[in-house]
2 protein chains.
Amino acid sequence: MKSVTIFSEEQKQAARFAKAMGHPVRMYVLELLTKQSCCYSGDLSDVLPIAKSTLSQHLKELKDVGLIQGEIEAPKVKYCINRENWAKAQKIFNQFLEAV
Amino acid sequence: MKSVTIFSEEQKQAARFAKAMGHPVRMYVLELLTKQSCCYSGDLSDVLPIAKSTLSQHLKELKDVGLIQGEIEAPKVKYCINRENWAKAQKIFNQFLEAV
DNA sequence: ATCTTTGTTCGTAAAATTACGAACAATATG
DNA sequence: CATATTGTTCGTAATTTTACGAACAAAGAT
């Protein structure tokens with residue numbers, strides 16, 4: 001795309017969030033974290049049929065977009081929802097979806 | 001991914017919807033259609049900084065995932081929200097997002 | 001019947017995503 | 001200190017996505 005001024009910041013943010021949610025593994029992780037407050041990468045690795053490096057990439061994506069956060073609890077990493085940005089996503093999607 | 005039985009149908013559906021929403025152009029189209037009931041491809045082509053063939057691809061993606069539907073009104077095509085699937089998306093995302 | 005308008009399809013190129021295993025880093029444990 | 005555990009980073013390959021222009025199809029207008 002040449003320009004980008006056509007899109008509002010909200011639209012771009014919504015697209016970013018949506019894109020991050022657009023993969024079953026990432027959806028799975030998010031949904032788990034909405035249900036159990038936190039988890040360790042290893043818990044996920046045990047149940048998900050992907051290499052740990054791949055999982056790490058997916059978690060990084062979710063972190064980068066701000067939907068989750070990781071806290072080092074050596075040698076593990078504890079992941080949980082980033083509540084601030086989750087609230088943002090809630091607001092954006094509710095507004096958007098309920099408009100019809 | 002080798003297996004896929006880990007993911008629920010709802011998760012996969014949510015990921016599919018989210019993926020479709022995961023691009024500014026598609027987000028723009030969806031948001032427009034939530035606000036004005038319908039539009040012609042040409043209206044979008046006028047305002048969006050992309051080739052008409054690219055736009056057509058994006059619209060096809062939204063159609064394929066079921067979020068919009070197109071009706072031929074020759075020589076134009078009228079697009080609008082697919083209400084049935086939109087309701088599905090609402091339900092899935094509300095359930096998912098409100099869980100935190 | 002020809003031309004115009006509208007949008008899709010096709011072929012293709014560039015970039016991004018998804019995935020893996022190997023190597024590495026950090027820290028706990030023996 | 002050596003070793004085991006946990007997860008990230010790196011290099012790489014395969015696939016998918018995004019984008020364009022050219023060609024095409026359908027139908028209305030002249």
# chains A, B, ... in the order shown; residues from 1 in each chain; ligands from 1

$ select_by_dssp --residues "chain B" --states "helix (DSSP H, G or I)" --output "CSV table (one decimal) with all heavy atoms, in the first residue's frame"
chain,number,residue,atom,x,y,z
B,9,GLU,N,-13.5,-26.3,17.8
B,9,GLU,CA,-14.0,-25.7,16.5
B,9,GLU,C,-14.2,-24.2,16.7
B,9,GLU,O,-14.0,-23.4,15.8
B,9,GLU,CB,-15.4,-26.3,16.2
B,9,GLU,CG,-15.2,-27.6,15.4
B,9,GLU,CD,-14.3,-27.5,14.2
B,9,GLU,OE1,-14.4,-26.5,13.4
B,9,GLU,OE2,-13.4,-28.4,14.1
B,10,GLU,N,-14.6,-23.8,17.9
B,10,GLU,CA,-14.8,-22.4,18.2
B,10,GLU,C,-13.5,-21.6,18.1
B,10,GLU,O,-13.5,-20.5,17.6
B,10,GLU,CB,-15.5,-22.2,19.6
B,10,GLU,CG,-17.0,-22.3,19.6
B,10,GLU,CD,-17.6,-21.3,20.6
B,10,GLU,OE1,-16.8,-20.8,21.5
B,10,GLU,OE2,-18.8,-21.1,20.5
B,11,GLN,N,-12.5,-22.2,18.7
B,11,GLN,CA,-11.2,-21.5,18.6
B,11,GLN,C,-10.7,-21.3,17.1
B,11,GLN,O,-10.3,-20.3,16.8
B,11,GLN,CB,-10.1,-22.4,19.3
B,11,GLN,CG,-10.0,-21.9,20.8
B,11,GLN,CD,-9.3,-23.0,21.6
B,11,GLN,OE1,-8.9,-24.0,21.1
B,11,GLN,NE2,-9.1,-22.7,22.9
B,12,LYS,N,-11.0,-22.4,16.4
B,12,LYS,CA,-10.5,-22.3,15.0
B,12,LYS,C,-11.4,-21.3,14.2
B,12,LYS,O,-10.9,-20.5,13.4
B,12,LYS,CB,-10.6,-23.7,14.3
B,12,LYS,CG,-9.5,-24.6,14.8
B,12,LYS,CD,-9.4,-25.9,14.0
B,12,LYS,CE,-10.4,-26.9,14.6
B,12,LYS,NZ,-10.3,-28.2,13.8
B,13,GLN,N,-12.7,-21.3,14.5
B,13,GLN,CA,-13.5,-20.3,13.9
B,13,GLN,C,-13.1,-18.9,14.3
B,13,GLN,O,-13.1,-18.0,13.5
B,13,GLN,CB,-15.0,-20.6,14.3
B,13,GLN,CG,-16.0,-19.7,13.6
B,13,GLN,CD,-16.0,-19.7,12.1
B,13,GLN,OE1,-16.3,-20.7,11.5
B,13,GLN,NE2,-15.6,-18.6,11.4
B,14,ALA,N,-12.9,-18.7,15.6
B,14,ALA,CA,-12.5,-17.4,16.1
B,14,ALA,C,-11.2,-16.9,15.4
B,14,ALA,O,-11.1,-15.8,14.9
B,14,ALA,CB,-12.2,-17.4,17.6
B,15,ALA,N,-10.2,-17.9,15.2
B,15,ALA,CA,-9.0,-17.5,14.6
B,15,ALA,C,-9.2,-17.2,13.1
B,15,ALA,O,-8.6,-16.2,12.6
B,15,ALA,CB,-8.0,-18.7,14.7
B,16,ARG,N,-10.1,-17.9,12.5
B,16,ARG,CA,-10.5,-17.6,11.1
B,16,ARG,C,-11.1,-16.2,10.9
B,16,ARG,O,-10.6,-15.4,10.1
B,16,ARG,CB,-11.5,-18.6,10.5
B,16,ARG,CG,-10.9,-19.5,9.4
B,16,ARG,CD,-11.9,-20.6,9.1
B,16,ARG,NE,-11.7,-21.8,9.9
B,16,ARG,CZ,-12.7,-22.5,10.4
B,16,ARG,NH1,-14.0,-22.1,10.2
B,16,ARG,NH2,-12.5,-23.5,11.2
B,17,PHE,N,-12.0,-15.9,11.8
B,17,PHE,CA,-12.6,-14.5,11.8
B,17,PHE,C,-11.5,-13.5,12.0
B,17,PHE,O,-11.4,-12.5,11.3
B,17,PHE,CB,-13.7,-14.4,12.8
B,17,PHE,CG,-15.0,-15.0,12.4
B,17,PHE,CD1,-15.8,-15.6,13.4
B,17,PHE,CD2,-15.5,-15.0,11.1
B,17,PHE,CE1,-17.1,-16.2,13.0
B,17,PHE,CE2,-16.7,-15.5,10.7
B,17,PHE,CZ,-17.5,-16.1,11.7
B,18,ALA,N,-10.8,-13.7,13.1
B,18,ALA,CA,-9.8,-12.7,13.5
B,18,ALA,C,-8.8,-12.5,12.3
B,18,ALA,O,-8.4,-11.4,12.0
B,18,ALA,CB,-9.0,-13.2,14.7
B,19,LYS,N,-8.4,-13.6,11.7
B,19,LYS,CA,-7.4,-13.5,10.6
B,19,LYS,C,-8.0,-12.6,9.5
B,19,LYS,O,-7.3,-11.7,8.9
B,19,LYS,CB,-7.1,-14.9,10.1
B,19,LYS,CG,-6.0,-14.9,9.1
B,19,LYS,CD,-5.6,-16.3,8.7
B,19,LYS,CE,-4.6,-16.4,7.6
B,19,LYS,NZ,-4.4,-17.7,7.1
B,20,ALA,N,-9.2,-12.8,9.2
B,20,ALA,CA,-9.9,-12.0,8.1
B,20,ALA,C,-9.9,-10.5,8.5
B,20,ALA,O,-9.9,-9.6,7.7
B,20,ALA,CB,-11.3,-12.5,7.9
B,21,MET,N,-10.1,-10.3,9.8
B,21,MET,CA,-10.1,-8.9,10.3
B,21,MET,C,-8.7,-8.3,10.4
B,21,MET,O,-8.5,-7.1,10.7
B,21,MET,CB,-10.8,-8.8,11.6
B,21,MET,CG,-12.2,-9.2,11.6
B,21,MET,SD,-12.9,-8.9,13.3
B,21,MET,CE,-13.9,-10.4,13.6
B,24,PRO,N,-5.7,-3.8,7.7
B,24,PRO,CA,-6.4,-2.5,7.7
B,24,PRO,C,-7.4,-2.3,6.7
B,24,PRO,O,-8.5,-1.8,6.9
B,24,PRO,CB,-5.2,-1.5,7.5
B,24,PRO,CG,-4.0,-2.2,8.0
B,24,PRO,CD,-4.2,-3.6,7.7
B,25,VAL,N,-7.2,-2.7,5.5
B,25,VAL,CA,-8.1,-2.6,4.4
B,25,VAL,C,-9.4,-3.4,4.7
B,25,VAL,O,-10.5,-2.8,4.6
B,25,VAL,CB,-7.6,-3.1,3.0
B,25,VAL,CG1,-8.7,-3.3,2.0
B,25,VAL,CG2,-6.5,-2.1,2.5
B,26,ARG,N,-9.2,-4.6,5.2
B,26,ARG,CA,-10.4,-5.4,5.5
B,26,ARG,C,-11.2,-4.8,6.7
B,26,ARG,O,-12.4,-4.8,6.7
B,26,ARG,CB,-10.0,-6.9,5.7
B,26,ARG,CG,-9.4,-7.4,4.4
B,26,ARG,CD,-9.3,-9.0,4.4
B,26,ARG,NE,-8.4,-9.5,5.4
B,26,ARG,CZ,-7.1,-9.7,5.2
B,26,ARG,NH1,-6.6,-9.6,4.0
B,26,ARG,NH2,-6.3,-10.2,6.1
B,27,MET,N,-10.4,-4.3,7.6
B,27,MET,CA,-11.0,-3.7,8.8
B,27,MET,C,-11.8,-2.5,8.4
B,27,MET,O,-13.0,-2.3,8.8
B,27,MET,CB,-9.9,-3.3,9.8
B,27,MET,CG,-10.3,-3.2,11.2
B,27,MET,SD,-10.8,-4.7,11.9
B,27,MET,CE,-12.0,-4.2,13.1
B,28,TYR,N,-11.2,-1.7,7.5
B,28,TYR,CA,-11.9,-0.5,6.9
B,28,TYR,C,-13.2,-0.9,6.3
B,28,TYR,O,-14.3,-0.3,6.5
B,28,TYR,CB,-11.0,0.2,5.9
B,28,TYR,CG,-11.6,1.4,5.3
B,28,TYR,CD1,-11.4,2.6,5.9
B,28,TYR,CD2,-12.4,1.3,4.2
B,28,TYR,CE1,-11.9,3.8,5.3
B,28,TYR,CE2,-12.9,2.4,3.6
B,28,TYR,CZ,-12.7,3.7,4.2
B,28,TYR,OH,-13.3,4.8,3.6
B,29,VAL,N,-13.2,-1.9,5.5
B,29,VAL,CA,-14.4,-2.3,4.7
B,29,VAL,C,-15.5,-2.8,5.7
B,29,VAL,O,-16.6,-2.4,5.6
B,29,VAL,CB,-14.1,-3.5,3.8
B,29,VAL,CG1,-15.3,-4.1,3.2
B,29,VAL,CG2,-13.2,-3.0,2.7
B,30,LEU,N,-15.1,-3.6,6.7
B,30,LEU,CA,-16.0,-4.1,7.6
B,30,LEU,C,-16.7,-2.9,8.4
B,30,LEU,O,-17.9,-2.9,8.6
B,30,LEU,CB,-15.4,-5.1,8.6
B,30,LEU,CG,-15.0,-6.4,8.0
B,30,LEU,CD1,-14.2,-7.2,9.0
B,30,LEU,CD2,-16.2,-7.2,7.5
B,31,GLU,N,-15.8,-2.0,8.9
B,31,GLU,CA,-16.3,-0.9,9.7
B,31,GLU,C,-17.2,-0.1,8.8
B,31,GLU,O,-18.3,0.4,9.3
B,31,GLU,CB,-15.1,-0.1,10.2
B,31,GLU,CG,-15.6,0.7,11.4
B,31,GLU,CD,-14.4,1.3,12.2
B,31,GLU,OE1,-13.3,0.7,12.2
B,31,GLU,OE2,-14.6,2.4,12.8
B,32,LEU,N,-16.9,0.2,7.6
B,32,LEU,CA,-17.8,0.9,6.7
B,32,LEU,C,-19.1,0.3,6.6
B,32,LEU,O,-20.2,0.9,6.7
B,32,LEU,CB,-17.2,1.1,5.3
B,32,LEU,CG,-17.9,2.0,4.4
B,32,LEU,CD1,-17.7,3.5,4.8
B,32,LEU,CD2,-17.5,1.8,3.0
B,33,LEU,N,-19.1,-1.1,6.5
B,33,LEU,CA,-20.4,-1.8,6.3
B,33,LEU,C,-21.2,-1.9,7.6
B,33,LEU,O,-22.4,-2.1,7.5
B,33,LEU,CB,-20.1,-3.2,5.7
B,33,LEU,CG,-19.6,-3.2,4.3
B,33,LEU,CD1,-19.4,-4.6,3.8
B,33,LEU,CD2,-20.7,-2.5,3.4
B,34,THR,N,-20.5,-1.7,8.7
B,34,THR,CA,-21.3,-1.6,9.9
B,34,THR,C,-22.0,-0.3,10.1
B,34,THR,O,-22.9,-0.1,10.8
B,34,THR,CB,-20.4,-1.8,11.2
B,34,THR,OG1,-19.5,-0.7,11.3
B,34,THR,CG2,-19.7,-3.1,11.1
B,35,LYS,N,-21.5,0.7,9.3
B,35,LYS,CA,-22.1,2.0,9.4
B,35,LYS,C,-23.0,2.4,8.3
B,35,LYS,O,-23.8,3.4,8.5
B,35,LYS,CB,-20.9,3.0,9.4
B,35,LYS,CG,-20.1,3.0,10.7
B,35,LYS,CD,-19.0,4.0,10.7
B,35,LYS,CE,-18.2,4.0,12.0
B,35,LYS,NZ,-16.9,4.5,11.9
B,36,GLN,N,-23.0,1.7,7.2
B,36,GLN,CA,-23.9,2.2,6.1
B,36,GLN,C,-24.6,1.1,5.4
B,36,GLN,O,-25.0,1.3,4.2
B,36,GLN,CB,-23.1,3.1,5.2
B,36,GLN,CG,-22.0,2.4,4.4
B,36,GLN,CD,-21.4,3.3,3.4
B,36,GLN,OE1,-21.4,3.0,2.2
B,36,GLN,NE2,-20.8,4.4,3.8
B,41,SER,N,-18.2,-1.9,-4.6
B,41,SER,CA,-16.7,-2.0,-4.7
B,41,SER,C,-16.1,-0.7,-5.2
B,41,SER,O,-15.0,-0.4,-4.7
B,41,SER,CB,-16.4,-3.2,-5.6
B,41,SER,OG,-15.0,-3.3,-5.8
B,42,GLY,N,-16.7,-0.1,-6.1
B,42,GLY,CA,-16.2,1.1,-6.7
B,42,GLY,C,-16.0,2.3,-5.6
B,42,GLY,O,-15.0,3.0,-5.7
B,43,ASP,N,-17.0,2.3,-4.7
B,43,ASP,CA,-16.9,3.3,-3.6
B,43,ASP,C,-15.6,3.1,-2.9
B,43,ASP,O,-14.9,4.1,-2.5
B,43,ASP,CB,-18.0,3.2,-2.7
B,43,ASP,CG,-19.4,3.3,-3.4
B,43,ASP,OD1,-19.4,3.7,-4.5
B,43,ASP,OD2,-20.4,2.9,-2.8
B,44,LEU,N,-15.3,1.9,-2.6
B,44,LEU,CA,-14.1,1.6,-1.9
B,44,LEU,C,-12.8,1.8,-2.7
B,44,LEU,O,-11.8,2.4,-2.2
B,44,LEU,CB,-14.1,0.1,-1.5
B,44,LEU,CG,-15.3,-0.3,-0.6
B,44,LEU,CD1,-15.4,-1.8,-0.5
B,44,LEU,CD2,-15.0,0.2,0.8
B,45,SER,N,-12.9,1.4,-4.0
B,45,SER,CA,-11.8,1.6,-4.9
B,45,SER,C,-11.4,3.1,-5.0
B,45,SER,O,-10.2,3.5,-5.1
B,45,SER,CB,-12.1,1.1,-6.2
B,45,SER,OG,-11.0,0.7,-6.9
B,46,ASP,N,-12.4,4.0,-4.9
B,46,ASP,CA,-12.2,5.4,-5.0
B,46,ASP,C,-11.3,5.9,-3.8
B,46,ASP,O,-10.5,6.8,-4.0
B,46,ASP,CB,-13.5,6.2,-5.0
B,46,ASP,CG,-14.2,6.0,-6.3
B,46,ASP,OD1,-13.6,5.5,-7.3
B,46,ASP,OD2,-15.4,6.3,-6.4
B,47,VAL,N,-11.6,5.4,-2.7
B,47,VAL,CA,-11.0,6.0,-1.5
B,47,VAL,C,-9.7,5.2,-1.0
B,47,VAL,O,-8.9,5.7,-0.4
B,47,VAL,CB,-12.0,6.1,-0.4
B,47,VAL,CG1,-12.4,4.7,0.1
B,47,VAL,CG2,-11.5,6.9,0.8
B,52,LYS,N,-7.5,-2.1,-7.8
B,52,LYS,CA,-8.8,-2.7,-7.7
B,52,LYS,C,-8.7,-4.3,-7.6
B,52,LYS,O,-9.6,-4.9,-7.0
B,52,LYS,CB,-9.7,-2.3,-8.9
B,52,LYS,CG,-9.2,-2.7,-10.3
B,52,LYS,CD,-10.0,-2.2,-11.4
B,52,LYS,CE,-9.4,-2.6,-12.8
B,52,LYS,NZ,-10.4,-2.6,-13.9
B,53,SER,N,-7.7,-4.8,-8.2
B,53,SER,CA,-7.5,-6.3,-8.2
B,53,SER,C,-7.2,-6.7,-6.7
B,53,SER,O,-7.6,-7.7,-6.2
B,53,SER,CB,-6.5,-6.7,-9.1
B,53,SER,OG,-5.3,-6.1,-8.9
B,54,THR,N,-6.4,-5.9,-6.1
B,54,THR,CA,-6.1,-6.1,-4.7
B,54,THR,C,-7.3,-6.0,-3.8
B,54,THR,O,-7.5,-6.9,-2.9
B,54,THR,CB,-5.0,-5.2,-4.2
B,54,THR,OG1,-3.9,-5.2,-5.1
B,54,THR,CG2,-4.5,-5.5,-2.8
B,55,LEU,N,-8.1,-5.0,-4.0
B,55,LEU,CA,-9.3,-4.8,-3.3
B,55,LEU,C,-10.2,-6.0,-3.5
B,55,LEU,O,-10.8,-6.5,-2.5
B,55,LEU,CB,-10.0,-3.5,-3.7
B,55,LEU,CG,-11.4,-3.3,-3.1
B,55,LEU,CD1,-11.3,-3.2,-1.6
B,55,LEU,CD2,-12.0,-2.0,-3.7
B,56,SER,N,-10.3,-6.5,-4.7
B,56,SER,CA,-11.1,-7.6,-5.0
B,56,SER,C,-10.7,-8.8,-4.2
B,56,SER,O,-11.5,-9.6,-3.7
B,56,SER,CB,-11.0,-7.9,-6.5
B,56,SER,OG,-12.1,-8.7,-6.9
B,57,GLN,N,-9.4,-9.0,-4.1
B,57,GLN,CA,-8.9,-10.1,-3.3
B,57,GLN,C,-9.3,-10.0,-1.8
B,57,GLN,O,-9.7,-11.0,-1.2
B,57,GLN,CB,-7.3,-10.1,-3.3
B,57,GLN,CG,-6.7,-10.9,-4.4
B,57,GLN,CD,-5.2,-10.9,-4.3
B,57,GLN,OE1,-4.6,-11.5,-3.4
B,57,GLN,NE2,-4.5,-10.2,-5.2
B,58,HIS,N,-9.2,-8.8,-1.3
B,58,HIS,CA,-9.5,-8.6,0.1
B,58,HIS,C,-11.0,-8.9,0.3
B,58,HIS,O,-11.4,-9.5,1.3
B,58,HIS,CB,-9.2,-7.1,0.6
B,58,HIS,CG,-7.8,-6.9,0.8
B,58,HIS,ND1,-7.1,-7.6,1.7
B,58,HIS,CD2,-6.9,-6.0,0.3
B,58,HIS,CE1,-5.8,-7.2,1.8
B,58,HIS,NE2,-5.7,-6.2,0.9
B,59,LEU,N,-11.8,-8.4,-0.6
B,59,LEU,CA,-13.3,-8.6,-0.5
B,59,LEU,C,-13.6,-10.1,-0.6
B,59,LEU,O,-14.5,-10.6,0.1
B,59,LEU,CB,-14.0,-7.9,-1.6
B,59,LEU,CG,-14.0,-6.3,-1.5
B,59,LEU,CD1,-14.5,-5.6,-2.7
B,59,LEU,CD2,-14.7,-5.9,-0.2
B,60,LYS,N,-12.9,-10.8,-1.4
B,60,LYS,CA,-13.0,-12.2,-1.6
B,60,LYS,C,-12.7,-12.9,-0.2
B,60,LYS,O,-13.4,-13.9,0.2
B,60,LYS,CB,-12.2,-12.8,-2.7
B,60,LYS,CG,-12.3,-14.3,-2.9
B,60,LYS,CD,-11.7,-14.7,-4.2
B,60,LYS,CE,-11.4,-16.2,-4.3
B,60,LYS,NZ,-12.3,-17.1,-3.5
B,61,GLU,N,-11.7,-12.5,0.4
B,61,GLU,CA,-11.3,-13.1,1.7
B,61,GLU,C,-12.4,-12.9,2.7
B,61,GLU,O,-12.8,-13.8,3.5
B,61,GLU,CB,-10.0,-12.5,2.2
B,61,GLU,CG,-8.8,-13.2,1.9
B,61,GLU,CD,-7.6,-12.6,2.4
B,61,GLU,OE1,-7.2,-12.9,3.6
B,61,GLU,OE2,-6.9,-11.8,1.7
B,62,LEU,N,-13.0,-11.7,2.8
B,62,LEU,CA,-14.1,-11.4,3.7
B,62,LEU,C,-15.3,-12.3,3.3
B,62,LEU,O,-16.0,-12.7,4.2
B,62,LEU,CB,-14.4,-10.0,3.7
B,62,LEU,CG,-13.3,-9.0,4.3
B,62,LEU,CD1,-13.7,-7.6,4.1
B,62,LEU,CD2,-13.2,-9.4,5.8
B,63,LYS,N,-15.5,-12.4,2.1
B,63,LYS,CA,-16.6,-13.2,1.6
B,63,LYS,C,-16.4,-14.7,2.0
B,63,LYS,O,-17.3,-15.4,2.5
B,63,LYS,CB,-16.8,-13.1,0.1
B,63,LYS,CG,-18.2,-12.6,-0.4
B,63,LYS,CD,-18.3,-12.6,-1.9
B,63,LYS,CE,-17.1,-12.4,-2.7
B,63,LYS,NZ,-17.4,-12.3,-4.2
B,64,ASP,N,-15.2,-15.2,1.7
B,64,ASP,CA,-14.9,-16.6,2.0
B,64,ASP,C,-15.1,-17.0,3.4
B,64,ASP,O,-15.5,-18.1,3.8
B,64,ASP,CB,-13.5,-16.9,1.5
B,64,ASP,CG,-13.3,-17.0,0.0
B,64,ASP,OD1,-14.4,-17.0,-0.7
B,64,ASP,OD2,-12.2,-17.0,-0.5
B,83,ARG,N,-25.2,-11.0,8.0
B,83,ARG,CA,-25.7,-10.9,9.4
B,83,ARG,C,-25.6,-12.2,10.2
B,83,ARG,O,-25.3,-12.1,11.4
B,83,ARG,CB,-27.1,-10.4,9.4
B,83,ARG,CG,-27.2,-9.0,8.6
B,83,ARG,CD,-28.4,-8.2,9.1
B,83,ARG,NE,-28.2,-6.8,8.5
B,83,ARG,CZ,-28.2,-5.7,9.3
B,83,ARG,NH1,-28.3,-5.8,10.6
B,83,ARG,NH2,-28.1,-4.6,8.7
B,84,GLU,N,-25.9,-13.2,9.5
B,84,GLU,CA,-25.9,-14.5,10.3
B,84,GLU,C,-24.5,-14.8,10.8
B,84,GLU,O,-24.3,-15.1,12.0
B,84,GLU,CB,-26.3,-15.6,9.3
B,84,GLU,CG,-26.5,-17.0,9.9
B,84,GLU,CD,-26.8,-18.0,8.9
B,84,GLU,OE1,-27.2,-17.7,7.8
B,84,GLU,OE2,-26.6,-19.2,9.2
B,85,ASN,N,-23.5,-14.7,10.0
B,85,ASN,CA,-22.1,-14.9,10.4
B,85,ASN,C,-21.6,-13.8,11.3
B,85,ASN,O,-20.7,-14.1,12.2
B,85,ASN,CB,-21.2,-15.2,9.3
B,85,ASN,CG,-21.5,-16.5,8.6
B,85,ASN,OD1,-21.7,-17.5,9.3
B,85,ASN,ND2,-21.5,-16.5,7.3
B,86,TRP,N,-22.0,-12.6,11.1
B,86,TRP,CA,-21.7,-11.5,11.9
B,86,TRP,C,-22.1,-11.8,13.4
B,86,TRP,O,-21.3,-11.6,14.3
B,86,TRP,CB,-22.3,-10.2,11.4
B,86,TRP,CG,-21.7,-9.0,12.1
B,86,TRP,CD1,-22.2,-8.4,13.2
B,86,TRP,CD2,-20.5,-8.3,11.8
B,86,TRP,NE1,-21.4,-7.3,13.5
B,86,TRP,CE2,-20.3,-7.3,12.7
B,86,TRP,CE3,-19.5,-8.5,10.8
B,86,TRP,CZ2,-19.3,-6.4,12.6
B,86,TRP,CZ3,-18.5,-7.6,10.7
B,86,TRP,CH2,-18.3,-6.6,11.6
B,87,ALA,N,-23.3,-12.3,13.5
B,87,ALA,CA,-23.8,-12.6,14.8
B,87,ALA,C,-23.0,-13.7,15.5
B,87,ALA,O,-22.7,-13.6,16.7
B,87,ALA,CB,-25.3,-13.1,14.7
B,88,LYS,N,-22.5,-14.6,14.7
B,88,LYS,CA,-21.6,-15.7,15.2
B,88,LYS,C,-20.4,-15.1,15.7
B,88,LYS,O,-19.9,-15.4,16.8
B,88,LYS,CB,-21.3,-16.6,14.0
B,88,LYS,CG,-21.8,-18.1,14.2
B,88,LYS,CD,-21.2,-19.0,13.1
B,88,LYS,CE,-22.2,-19.7,12.3
B,88,LYS,NZ,-21.7,-20.5,11.2
B,89,ALA,N,-19.8,-14.2,14.9
B,89,ALA,CA,-18.6,-13.5,15.3
B,89,ALA,C,-18.8,-12.7,16.6
B,89,ALA,O,-17.9,-12.8,17.5
B,89,ALA,CB,-18.1,-12.6,14.2
B,90,GLN,N,-19.8,-12.0,16.7
B,90,GLN,CA,-20.2,-11.2,17.9
B,90,GLN,C,-20.2,-12.2,19.1
B,90,GLN,O,-19.5,-11.9,20.1
B,90,GLN,CB,-21.6,-10.6,17.8
B,90,GLN,CG,-21.6,-9.4,17.0
B,90,GLN,CD,-23.1,-8.8,16.9
B,90,GLN,OE1,-24.0,-9.6,16.8
B,90,GLN,NE2,-23.2,-7.5,16.9
B,91,LYS,N,-20.9,-13.3,18.9
B,91,LYS,CA,-21.0,-14.2,20.1
B,91,LYS,C,-19.7,-14.7,20.5
B,91,LYS,O,-19.3,-14.7,21.7
B,91,LYS,CB,-21.9,-15.3,19.6
B,91,LYS,CG,-22.5,-16.2,20.8
B,91,LYS,CD,-23.4,-17.3,20.2
B,91,LYS,CE,-23.4,-18.5,21.1
B,91,LYS,NZ,-24.0,-19.7,20.5
B,92,ILE,N,-18.9,-15.2,19.5
B,92,ILE,CA,-17.6,-15.8,19.8
B,92,ILE,C,-16.7,-14.8,20.5
B,92,ILE,O,-16.0,-15.0,21.5
B,92,ILE,CB,-16.9,-16.3,18.5
B,92,ILE,CG1,-17.7,-17.6,18.1
B,92,ILE,CG2,-15.5,-16.6,18.7
B,92,ILE,CD1,-17.1,-18.2,16.8
B,93,PHE,N,-16.6,-13.5,19.9
B,93,PHE,CA,-15.7,-12.6,20.4
B,93,PHE,C,-16.1,-12.0,21.8
B,93,PHE,O,-15.3,-11.8,22.7
B,93,PHE,CB,-15.4,-11.4,19.4
B,93,PHE,CG,-14.5,-11.8,18.4
B,93,PHE,CD1,-14.9,-12.2,17.1
B,93,PHE,CD2,-13.1,-11.8,18.6
B,93,PHE,CE1,-14.0,-12.6,16.1
B,93,PHE,CE2,-12.2,-12.1,17.6
B,93,PHE,CZ,-12.7,-12.6,16.4
B,94,ASN,N,-17.4,-11.8,21.9
B,94,ASN,CA,-17.9,-11.3,23.2
B,94,ASN,C,-17.6,-12.3,24.3
B,94,ASN,O,-17.0,-11.9,25.3
B,94,ASN,CB,-19.4,-11.1,23.2
B,94,ASN,CG,-19.8,-9.8,22.5
B,94,ASN,OD1,-18.9,-8.9,22.4
B,94,ASN,ND2,-21.0,-9.7,22.0
B,95,GLN,N,-17.9,-13.5,24.0
B,95,GLN,CA,-17.6,-14.6,25.0
B,95,GLN,C,-16.1,-14.6,25.4
B,95,GLN,O,-15.8,-14.7,26.6
B,95,GLN,CB,-18.0,-15.9,24.3
B,95,GLN,CG,-18.6,-17.0,25.2
B,95,GLN,CD,-19.0,-18.2,24.4
B,95,GLN,OE1,-19.7,-18.0,23.4
B,95,GLN,NE2,-18.5,-19.3,24.8
B,96,PHE,N,-15.3,-14.5,24.4
B,96,PHE,CA,-13.9,-14.6,24.6
B,96,PHE,C,-13.3,-13.4,25.3
B,96,PHE,O,-12.5,-13.5,26.2
B,96,PHE,CB,-13.3,-14.8,23.2
B,96,PHE,CG,-11.8,-14.6,23.1
B,96,PHE,CD1,-11.0,-15.5,23.8
B,96,PHE,CD2,-11.3,-13.6,22.3
B,96,PHE,CE1,-9.6,-15.3,23.7
B,96,PHE,CE2,-9.9,-13.5,22.2
B,96,PHE,CZ,-9.1,-14.3,23.0
B,97,LEU,N,-13.7,-12.2,24.8
B,97,LEU,CA,-13.1,-11.0,25.3
B,97,LEU,C,-13.6,-10.7,26.7
B,97,LEU,O,-12.9,-10.2,27.6
B,97,LEU,CB,-13.4,-9.9,24.4
B,97,LEU,CG,-12.6,-9.8,23.1
B,97,LEU,CD1,-13.2,-8.9,22.1
B,97,LEU,CD2,-11.2,-9.4,23.4

$ interface_residues --of "chain D" --to "chain B" --cutoff "8 Å" --atoms "only C-alpha atoms (C1' of nucleotides)" --output "JSON, numbers by chain"
{"D": [18, 19, 20, 26, 27, 28]}

$ interface_residues --of "chain C" --to "chain B" --cutoff "9 Å" --atoms "only C-alpha atoms (C1' of nucleotides)" --output "list in words"
DT5, DT6, DG7, DT8, DT9, DT18 and DA19 of chain C

$ atom_distance --atom1 "CA of Ile81 in chain A" --atom2 "CA of Val65 in chain A"
11.6 Å

$ atom_distance --atom1 "CA of Thr5 in chain B" --atom2 "CA of Pro49 in chain A"
9.4 Å
